[in-house]
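**Q** This one is entry-v5.txt, compact mmCIF, N, CA and C atoms.
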# COMPACT_ATOMS: atom_id res chain seq x y z
N MET A 16 -0.05 -5.91 -11.17
CA MET A 16 -0.82 -5.90 -9.96
C MET A 16 -1.81 -4.74 -9.95
N SER A 17 -1.45 -3.56 -10.47
CA SER A 17 -2.35 -2.41 -10.44
C SER A 17 -3.58 -2.63 -11.33
N ASP A 18 -3.53 -3.60 -12.25
CA ASP A 18 -4.70 -3.90 -13.08
C ASP A 18 -5.84 -4.47 -12.24
N ASN A 19 -5.52 -4.99 -11.07
CA ASN A 19 -6.51 -5.60 -10.21
C ASN A 19 -7.20 -4.60 -9.28
N LEU A 20 -6.75 -3.35 -9.29
CA LEU A 20 -7.33 -2.36 -8.39
C LEU A 20 -8.73 -1.99 -8.83
N PRO A 21 -9.60 -1.70 -7.87
CA PRO A 21 -10.97 -1.32 -8.23
C PRO A 21 -11.01 0.05 -8.90
N ALA A 22 -12.08 0.29 -9.65
CA ALA A 22 -12.27 1.61 -10.28
C ALA A 22 -12.52 2.63 -9.17
N ILE A 23 -11.85 3.76 -9.28
CA ILE A 23 -11.96 4.80 -8.26
C ILE A 23 -12.40 6.09 -8.92
N PRO A 24 -13.46 6.75 -8.40
CA PRO A 24 -13.92 8.01 -9.00
C PRO A 24 -12.80 9.04 -9.03
N GLY A 25 -12.72 9.78 -10.10
CA GLY A 25 -11.72 10.84 -10.22
C GLY A 25 -10.37 10.34 -10.69
N MET A 26 -10.27 9.06 -11.02
CA MET A 26 -8.99 8.51 -11.45
C MET A 26 -9.16 7.89 -12.83
N ASN A 27 -8.10 7.97 -13.64
CA ASN A 27 -8.11 7.38 -14.96
C ASN A 27 -6.78 6.66 -15.15
N ASN A 28 -6.80 5.33 -15.09
CA ASN A 28 -5.58 4.53 -15.21
C ASN A 28 -4.52 4.95 -14.21
N GLY A 29 -4.94 5.19 -12.97
CA GLY A 29 -3.99 5.52 -11.91
C GLY A 29 -3.57 6.97 -11.89
N VAL A 30 -4.10 7.80 -12.78
CA VAL A 30 -3.75 9.22 -12.83
C VAL A 30 -5.03 10.02 -12.68
N ALA A 31 -4.93 11.11 -11.94
CA ALA A 31 -6.12 11.94 -11.78
C ALA A 31 -6.57 12.45 -13.14
N ASN A 32 -7.89 12.40 -13.37
CA ASN A 32 -8.44 12.92 -14.63
C ASN A 32 -8.15 14.41 -14.72
N THR A 33 -7.91 14.89 -15.92
CA THR A 33 -7.72 16.32 -16.10
C THR A 33 -9.07 16.96 -16.38
N GLY A 34 -9.26 18.12 -15.85
CA GLY A 34 -10.51 18.83 -16.06
C GLY A 34 -11.42 18.76 -14.86
N ASN A 35 -12.31 19.69 -14.76
CA ASN A 35 -13.30 19.94 -13.71
C ASN A 35 -12.87 19.54 -12.31
N ALA A 36 -13.77 18.96 -11.53
CA ALA A 36 -13.55 18.77 -10.10
C ALA A 36 -12.51 17.71 -9.76
N SER A 37 -12.11 16.90 -10.70
CA SER A 37 -11.20 15.81 -10.35
C SER A 37 -9.75 16.09 -10.70
N SER A 38 -9.42 17.30 -11.10
CA SER A 38 -8.04 17.60 -11.46
C SER A 38 -7.25 18.07 -10.24
N GLY A 39 -5.96 17.86 -10.29
CA GLY A 39 -5.05 18.36 -9.26
C GLY A 39 -5.42 17.92 -7.86
N ASN A 40 -5.69 18.90 -7.02
CA ASN A 40 -6.03 18.61 -5.64
C ASN A 40 -7.52 18.72 -5.39
N GLY A 41 -8.32 18.54 -6.43
CA GLY A 41 -9.77 18.59 -6.27
C GLY A 41 -10.27 17.49 -5.35
N PHE A 42 -11.49 17.63 -4.91
CA PHE A 42 -12.09 16.70 -3.95
C PHE A 42 -12.02 15.25 -4.44
N LEU A 43 -12.50 15.00 -5.65
CA LEU A 43 -12.53 13.63 -6.16
C LEU A 43 -11.14 13.08 -6.44
N ALA A 44 -10.23 13.93 -6.93
CA ALA A 44 -8.88 13.46 -7.23
C ALA A 44 -8.16 13.03 -5.97
N LEU A 45 -8.26 13.84 -4.92
CA LEU A 45 -7.59 13.49 -3.67
C LEU A 45 -8.22 12.26 -3.04
N ALA A 46 -9.55 12.19 -3.06
CA ALA A 46 -10.23 11.00 -2.53
C ALA A 46 -9.84 9.76 -3.34
N GLY A 47 -9.72 9.91 -4.65
CA GLY A 47 -9.33 8.79 -5.50
C GLY A 47 -7.91 8.33 -5.24
N ARG A 48 -7.00 9.28 -5.06
CA ARG A 48 -5.61 8.90 -4.80
C ARG A 48 -5.46 8.20 -3.46
N THR A 49 -6.15 8.68 -2.43
CA THR A 49 -6.04 8.01 -1.14
C THR A 49 -6.73 6.64 -1.15
N ALA A 50 -7.82 6.52 -1.90
CA ALA A 50 -8.48 5.21 -2.02
C ALA A 50 -7.57 4.23 -2.76
N LYS A 51 -6.88 4.72 -3.79
CA LYS A 51 -5.96 3.86 -4.52
C LYS A 51 -4.78 3.46 -3.64
N LEU A 52 -4.31 4.38 -2.81
CA LEU A 52 -3.23 4.06 -1.89
C LEU A 52 -3.66 2.97 -0.92
N ALA A 53 -4.87 3.07 -0.39
CA ALA A 53 -5.37 2.05 0.54
C ALA A 53 -5.51 0.71 -0.16
N ALA A 54 -6.03 0.72 -1.38
CA ALA A 54 -6.19 -0.53 -2.13
C ALA A 54 -4.84 -1.15 -2.46
N SER A 55 -3.88 -0.32 -2.83
CA SER A 55 -2.53 -0.83 -3.14
C SER A 55 -1.89 -1.43 -1.89
N ALA A 56 -2.11 -0.80 -0.75
CA ALA A 56 -1.57 -1.34 0.50
C ALA A 56 -2.16 -2.71 0.81
N LEU A 57 -3.45 -2.88 0.53
CA LEU A 57 -4.07 -4.18 0.75
C LEU A 57 -3.48 -5.25 -0.17
N PHE A 58 -3.25 -4.90 -1.44
CA PHE A 58 -2.65 -5.85 -2.37
C PHE A 58 -1.22 -6.19 -1.95
N LEU A 59 -0.48 -5.19 -1.48
CA LEU A 59 0.87 -5.44 -0.98
C LEU A 59 0.82 -6.37 0.23
N LYS A 60 -0.11 -6.12 1.11
CA LYS A 60 -0.26 -6.94 2.31
C LYS A 60 -0.54 -8.40 1.94
N GLU A 61 -1.44 -8.61 0.99
CA GLU A 61 -1.74 -9.98 0.54
C GLU A 61 -0.51 -10.64 -0.06
N GLY A 62 0.22 -9.90 -0.89
CA GLY A 62 1.43 -10.45 -1.51
C GLY A 62 2.50 -10.79 -0.48
N MET A 63 2.63 -9.96 0.54
CA MET A 63 3.62 -10.21 1.58
C MET A 63 3.23 -11.42 2.43
N HIS A 64 1.93 -11.62 2.66
CA HIS A 64 1.49 -12.83 3.37
C HIS A 64 1.88 -14.08 2.58
N LEU A 65 1.65 -14.04 1.28
CA LEU A 65 2.02 -15.18 0.43
C LEU A 65 3.53 -15.41 0.44
N LEU A 66 4.28 -14.32 0.32
CA LEU A 66 5.75 -14.44 0.32
C LEU A 66 6.23 -15.00 1.64
N ARG A 67 5.67 -14.51 2.73
CA ARG A 67 6.10 -14.97 4.06
C ARG A 67 5.86 -16.47 4.21
N SER A 68 4.67 -16.93 3.84
CA SER A 68 4.40 -18.37 4.00
C SER A 68 5.28 -19.21 3.06
N HIS A 69 5.53 -18.71 1.86
CA HIS A 69 6.39 -19.43 0.91
C HIS A 69 7.83 -19.51 1.43
N MET A 70 8.35 -18.39 1.92
CA MET A 70 9.73 -18.37 2.42
C MET A 70 9.87 -19.22 3.68
N GLN A 71 8.85 -19.20 4.54
CA GLN A 71 8.92 -20.02 5.74
C GLN A 71 8.89 -21.51 5.39
N ALA A 72 8.07 -21.88 4.42
CA ALA A 72 8.03 -23.28 3.97
C ALA A 72 9.39 -23.69 3.39
N ASN A 73 9.99 -22.80 2.60
CA ASN A 73 11.31 -23.10 2.03
C ASN A 73 12.38 -23.19 3.12
N ALA A 74 12.29 -22.32 4.13
CA ALA A 74 13.25 -22.36 5.23
C ALA A 74 13.13 -23.68 6.00
N ASN A 75 11.89 -24.10 6.24
CA ASN A 75 11.68 -25.37 6.94
C ASN A 75 12.21 -26.55 6.11
N ALA A 76 11.98 -26.51 4.81
CA ALA A 76 12.48 -27.58 3.93
C ALA A 76 14.01 -27.60 3.93
N ALA A 77 14.62 -26.42 3.90
CA ALA A 77 16.09 -26.36 3.92
C ALA A 77 16.63 -26.89 5.24
N MET A 78 15.95 -26.60 6.34
CA MET A 78 16.41 -27.10 7.64
C MET A 78 16.28 -28.63 7.70
N ARG A 79 15.19 -29.16 7.19
CA ARG A 79 15.04 -30.62 7.13
C ARG A 79 16.13 -31.25 6.26
N LEU A 80 16.42 -30.60 5.13
CA LEU A 80 17.47 -31.11 4.24
C LEU A 80 18.82 -31.11 4.95
N SER A 81 19.12 -30.04 5.68
CA SER A 81 20.42 -30.00 6.38
C SER A 81 20.49 -31.08 7.46
N GLU A 82 19.36 -31.36 8.13
CA GLU A 82 19.34 -32.44 9.12
C GLU A 82 19.58 -33.80 8.46
N MET A 83 18.94 -34.00 7.30
CA MET A 83 19.14 -35.27 6.59
C MET A 83 20.59 -35.39 6.10
N CYS A 84 21.16 -34.26 5.66
CA CYS A 84 22.56 -34.28 5.22
C CYS A 84 23.48 -34.61 6.39
N GLY A 85 23.15 -34.10 7.57
CA GLY A 85 23.93 -34.43 8.76
C GLY A 85 23.86 -35.90 9.08
N GLN A 86 22.67 -36.49 8.98
CA GLN A 86 22.52 -37.92 9.23
C GLN A 86 23.23 -38.75 8.17
N ALA A 87 23.27 -38.24 6.96
CA ALA A 87 23.94 -38.97 5.87
C ALA A 87 25.44 -38.71 5.85
N GLU A 88 25.93 -37.92 6.81
CA GLU A 88 27.35 -37.59 6.94
C GLU A 88 27.92 -36.92 5.68
N VAL A 89 27.10 -35.97 5.15
CA VAL A 89 27.55 -35.15 4.02
C VAL A 89 28.62 -34.19 4.56
N GLU A 90 29.50 -33.75 3.69
CA GLU A 90 30.56 -32.80 4.09
C GLU A 90 29.95 -31.66 4.91
N PRO A 91 30.53 -31.34 6.05
CA PRO A 91 29.99 -30.30 6.92
C PRO A 91 29.84 -28.93 6.24
N GLN A 92 30.74 -28.63 5.30
CA GLN A 92 30.64 -27.32 4.63
C GLN A 92 29.34 -27.20 3.85
N PHE A 93 28.89 -28.29 3.24
CA PHE A 93 27.64 -28.25 2.47
C PHE A 93 26.43 -28.18 3.39
N THR A 94 26.49 -28.93 4.48
CA THR A 94 25.41 -28.88 5.47
C THR A 94 25.30 -27.47 6.04
N SER A 95 26.43 -26.86 6.30
CA SER A 95 26.45 -25.49 6.83
C SER A 95 25.86 -24.50 5.82
N MET A 96 26.17 -24.69 4.56
CA MET A 96 25.62 -23.80 3.52
C MET A 96 24.10 -23.91 3.46
N ILE A 97 23.59 -25.13 3.61
CA ILE A 97 22.14 -25.33 3.59
C ILE A 97 21.51 -24.68 4.81
N GLU A 98 22.16 -24.80 5.98
CA GLU A 98 21.65 -24.15 7.19
C GLU A 98 21.66 -22.63 7.04
N ASP A 99 22.69 -22.09 6.42
CA ASP A 99 22.75 -20.64 6.17
C ASP A 99 21.61 -20.20 5.26
N THR A 100 21.32 -21.03 4.28
CA THR A 100 20.20 -20.74 3.38
C THR A 100 18.89 -20.72 4.14
N SER A 101 18.71 -21.68 5.02
CA SER A 101 17.50 -21.74 5.84
C SER A 101 17.37 -20.48 6.70
N THR A 102 18.48 -20.06 7.28
CA THR A 102 18.48 -18.85 8.12
C THR A 102 18.12 -17.62 7.30
N ALA A 103 18.70 -17.53 6.10
CA ALA A 103 18.40 -16.39 5.22
C ALA A 103 16.92 -16.38 4.81
N LEU A 104 16.37 -17.53 4.50
CA LEU A 104 14.96 -17.61 4.12
C LEU A 104 14.05 -17.25 5.29
N THR A 105 14.44 -17.64 6.49
CA THR A 105 13.69 -17.24 7.68
C THR A 105 13.73 -15.72 7.85
N GLY A 106 14.88 -15.13 7.56
CA GLY A 106 15.00 -13.67 7.63
C GLY A 106 14.08 -12.97 6.64
N VAL A 107 13.99 -13.52 5.44
CA VAL A 107 13.08 -12.96 4.43
C VAL A 107 11.63 -13.08 4.90
N ALA A 108 11.30 -14.22 5.49
CA ALA A 108 9.94 -14.41 6.00
C ALA A 108 9.62 -13.40 7.09
N GLU A 109 10.56 -13.15 7.98
CA GLU A 109 10.35 -12.18 9.05
C GLU A 109 10.22 -10.76 8.50
N ALA A 110 11.07 -10.43 7.52
CA ALA A 110 10.98 -9.10 6.90
C ALA A 110 9.66 -8.93 6.17
N SER A 111 9.15 -10.01 5.58
CA SER A 111 7.84 -9.95 4.93
C SER A 111 6.76 -9.63 5.94
N GLY A 112 6.89 -10.18 7.13
CA GLY A 112 5.94 -9.88 8.20
C GLY A 112 5.99 -8.41 8.59
N GLU A 113 7.18 -7.83 8.61
CA GLU A 113 7.31 -6.40 8.90
C GLU A 113 6.67 -5.56 7.80
N MET A 114 6.82 -6.01 6.56
CA MET A 114 6.18 -5.30 5.44
C MET A 114 4.66 -5.38 5.55
N VAL A 115 4.14 -6.50 6.01
CA VAL A 115 2.70 -6.64 6.22
C VAL A 115 2.24 -5.59 7.23
N ASN A 116 2.99 -5.45 8.32
CA ASN A 116 2.63 -4.46 9.34
C ASN A 116 2.67 -3.04 8.77
N ALA A 117 3.70 -2.74 7.96
CA ALA A 117 3.80 -1.41 7.36
C ALA A 117 2.66 -1.16 6.38
N ALA A 118 2.33 -2.16 5.56
CA ALA A 118 1.23 -2.00 4.60
C ALA A 118 -0.09 -1.84 5.33
N ASP A 119 -0.26 -2.54 6.43
CA ASP A 119 -1.47 -2.41 7.23
C ASP A 119 -1.59 -1.00 7.80
N ALA A 120 -0.47 -0.45 8.26
CA ALA A 120 -0.48 0.92 8.78
C ALA A 120 -0.82 1.93 7.68
N VAL A 121 -0.26 1.74 6.49
CA VAL A 121 -0.56 2.63 5.37
C VAL A 121 -2.05 2.54 5.02
N ASP A 122 -2.58 1.34 4.96
CA ASP A 122 -4.00 1.14 4.66
C ASP A 122 -4.87 1.84 5.70
N THR A 123 -4.57 1.64 6.96
CA THR A 123 -5.35 2.26 8.04
C THR A 123 -5.26 3.78 7.98
N ASP A 124 -4.05 4.31 7.78
CA ASP A 124 -3.89 5.76 7.71
C ASP A 124 -4.58 6.36 6.49
N ALA A 125 -4.48 5.68 5.36
CA ALA A 125 -5.13 6.20 4.14
C ALA A 125 -6.65 6.19 4.30
N ARG A 126 -7.18 5.13 4.89
CA ARG A 126 -8.64 5.08 5.11
C ARG A 126 -9.07 6.14 6.11
N GLY A 127 -8.26 6.35 7.14
CA GLY A 127 -8.56 7.40 8.12
C GLY A 127 -8.54 8.77 7.49
N PHE A 128 -7.52 9.02 6.67
CA PHE A 128 -7.44 10.30 5.98
C PHE A 128 -8.63 10.48 5.04
N ASN A 129 -8.97 9.42 4.31
CA ASN A 129 -10.08 9.50 3.36
C ASN A 129 -11.39 9.81 4.10
N GLY A 130 -11.58 9.17 5.25
CA GLY A 130 -12.79 9.43 6.04
C GLY A 130 -12.84 10.86 6.54
N ALA A 131 -11.72 11.36 7.06
CA ALA A 131 -11.67 12.74 7.54
C ALA A 131 -11.88 13.72 6.40
N HIS A 132 -11.26 13.43 5.27
CA HIS A 132 -11.40 14.29 4.09
C HIS A 132 -12.86 14.32 3.63
N GLU A 133 -13.48 13.16 3.61
CA GLU A 133 -14.89 13.05 3.21
C GLU A 133 -15.78 13.86 4.15
N ARG A 134 -15.59 13.71 5.45
CA ARG A 134 -16.42 14.44 6.43
C ARG A 134 -16.22 15.95 6.32
N GLU A 135 -14.99 16.35 6.09
CA GLU A 135 -14.69 17.79 6.07
C GLU A 135 -15.15 18.47 4.78
N TYR A 136 -14.89 17.83 3.65
CA TYR A 136 -15.08 18.52 2.38
C TYR A 136 -16.27 18.07 1.55
N ARG A 137 -16.88 16.93 1.83
CA ARG A 137 -18.02 16.46 1.04
C ARG A 137 -19.18 17.47 1.06
N PRO A 138 -19.55 18.03 2.22
CA PRO A 138 -20.67 18.98 2.20
C PRO A 138 -20.41 20.19 1.29
N GLY A 139 -19.21 20.72 1.33
CA GLY A 139 -18.88 21.85 0.47
C GLY A 139 -18.86 21.46 -0.99
N TYR A 140 -18.35 20.27 -1.27
CA TYR A 140 -18.31 19.78 -2.64
C TYR A 140 -19.72 19.62 -3.19
N GLU A 141 -20.58 19.00 -2.41
CA GLU A 141 -21.97 18.81 -2.84
C GLU A 141 -22.69 20.15 -3.02
N ALA A 142 -22.46 21.08 -2.11
CA ALA A 142 -23.11 22.39 -2.19
C ALA A 142 -22.64 23.15 -3.43
N SER A 143 -21.33 23.10 -3.70
CA SER A 143 -20.83 23.84 -4.86
C SER A 143 -21.30 23.21 -6.16
N ASN A 144 -21.38 21.90 -6.22
CA ASN A 144 -21.87 21.24 -7.43
C ASN A 144 -23.37 21.44 -7.61
N GLY A 145 -24.09 21.53 -6.53
CA GLY A 145 -25.54 21.69 -6.61
C GLY A 145 -25.97 23.11 -6.89
N SER A 146 -25.08 24.07 -6.71
CA SER A 146 -25.48 25.47 -6.86
C SER A 146 -25.63 25.88 -8.32
N GLY A 147 -24.95 25.22 -9.23
CA GLY A 147 -25.01 25.59 -10.64
C GLY A 147 -24.15 26.79 -10.99
N VAL A 148 -23.45 27.33 -10.02
CA VAL A 148 -22.57 28.49 -10.24
C VAL A 148 -21.13 27.99 -10.31
N ARG A 149 -20.39 28.48 -11.27
CA ARG A 149 -18.99 28.09 -11.41
C ARG A 149 -18.21 28.53 -10.18
N GLN A 150 -17.45 27.61 -9.61
CA GLN A 150 -16.72 27.87 -8.38
C GLN A 150 -15.24 28.13 -8.66
N ALA A 151 -14.59 28.78 -7.70
CA ALA A 151 -13.15 29.01 -7.80
C ALA A 151 -12.42 27.67 -7.67
N LYS A 152 -11.21 27.62 -8.23
CA LYS A 152 -10.42 26.40 -8.15
C LYS A 152 -10.06 26.12 -6.69
N PRO A 153 -9.83 24.84 -6.35
CA PRO A 153 -9.45 24.51 -4.98
C PRO A 153 -8.20 25.27 -4.56
N GLY A 154 -8.23 25.82 -3.36
CA GLY A 154 -7.10 26.56 -2.82
C GLY A 154 -7.10 28.04 -3.15
N PHE A 155 -8.02 28.51 -3.99
CA PHE A 155 -8.03 29.92 -4.39
C PHE A 155 -8.20 30.83 -3.19
N TYR A 156 -9.14 30.52 -2.35
CA TYR A 156 -9.43 31.41 -1.22
C TYR A 156 -8.33 31.37 -0.17
N ARG A 157 -7.59 30.33 -0.11
CA ARG A 157 -6.47 30.28 0.83
C ARG A 157 -5.31 31.14 0.36
N ARG A 158 -5.16 31.27 -0.96
CA ARG A 158 -4.06 32.07 -1.49
C ARG A 158 -4.34 33.55 -1.39
N SER A 159 -5.60 33.93 -1.44
CA SER A 159 -5.93 35.34 -1.34
C SER A 159 -6.09 35.67 0.14
N GLY A 160 -5.41 36.63 0.59
CA GLY A 160 -5.46 37.00 2.01
C GLY A 160 -4.07 37.27 2.52
N ARG A 161 -4.00 37.45 3.82
CA ARG A 161 -2.71 37.80 4.45
C ARG A 161 -1.76 36.62 4.40
N ARG A 162 -0.52 36.96 4.25
CA ARG A 162 0.53 35.92 4.33
C ARG A 162 1.05 35.89 5.74
N SER A 163 1.40 34.72 6.19
CA SER A 163 1.94 34.56 7.55
C SER A 163 3.42 34.77 7.58
Let me see whether you can do it: turn the structure in this file into structure tokens.
**A**
Amino acid sequence: MSDNLPAIPGMNNGVANTGNASSGNGFLALAGRTAKLAASALFLKEGMHLLRSHMQANANAAMRLSEMCGQAEVEPQFTSMIEDTSTALTGVAEASGEMVNAADAVDTDARGFNGAHEREYRPGYEASNGSGVRQAKPGFYRRSGRRS
């Protein structure tokens, strides 16, 4: 599934590139990781939609089968087993729906974080890259100073 993800700046086969601005917690690496998280959440969401519809169709088919078995006067224990299967498949379909909601929340949060990160740090990133002067590693200035 990860082979289907779009190319993301600062990422190399799902891992942050080593070196320059895209290593560790650099601007591009963090933006790339959150973009990949959002894209993965979307793929999960699509997969869960497919699973939910498939499980619901199977649950409906099992319920129809149990009704037909009842009309055909099949042993009640077998009809009951088919009904239990239908109930279990319905449970899987409902859980898939909950996973869709969770994946949607992850996608929304990752996109929100990416937007906030972009607004906050893009100007500094562009300025430091445009200056032609070698810059300190990310987090350097936060480490130097008073400790709380």
**Q** Between atom N of His64 in chain A and atom C of Asn116 in chain A, what is the spacing in Å?
**A**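 Distance reported for this atom pair: 10.6 Å.
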**Q** So the first atom is CA of Arg149 in chain A and the second is atom N of Gly39 in chain A; what is the distance between them in Å, to one decimal place?
**A**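 Straight-line distance from CA of Arg149 in chain A to atom N of Gly39 in chain A works out to 16.6 Å.
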**Q** List the spatial neighbours of range 66-83 of chain A as JSON, numbers by chain - criterion: any atom at most 8 Å away, only N, CA and C atoms, same-chain residues fewer than 3 positions off excluded.
**A** {"A": [60, 61, 62, 63, 86, 87, 88, 89, 93, 94, 95, 96, 97, 98, 99, 100, 101, 102, 103, 104, 105, 106, 107, 108, 109, 110, 111, 112]}
**Q** Please provide the set of residues having any atom within 12 Å of Glu141 in chain A, restricted to only C-alpha atoms, with same-chain residues fewer than 6 positions apart removed, written as a list in words.
**A** Ala36, Phe42, Leu43, Glu133, Arg134, Glu135, Gly147 and Gln150 of chain A
**Q** Expressed in Å to a single decimal, how great is the separation between atom N of Pro138 in chain A and CA of Ala56 in chain A?
**A**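 So the two atoms, atom N of Pro138 in chain A and CA of Ala56 in chain A, lie 26.5 Å apart.
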**Q** Rank A:Glu113, A:Ala53, A:Asn40, A:Ala142 by their smallest atom-to-atom distance to Arg126 in chain A, using only C-alpha atoms, and report the top residue only.
**A** A:Ala53
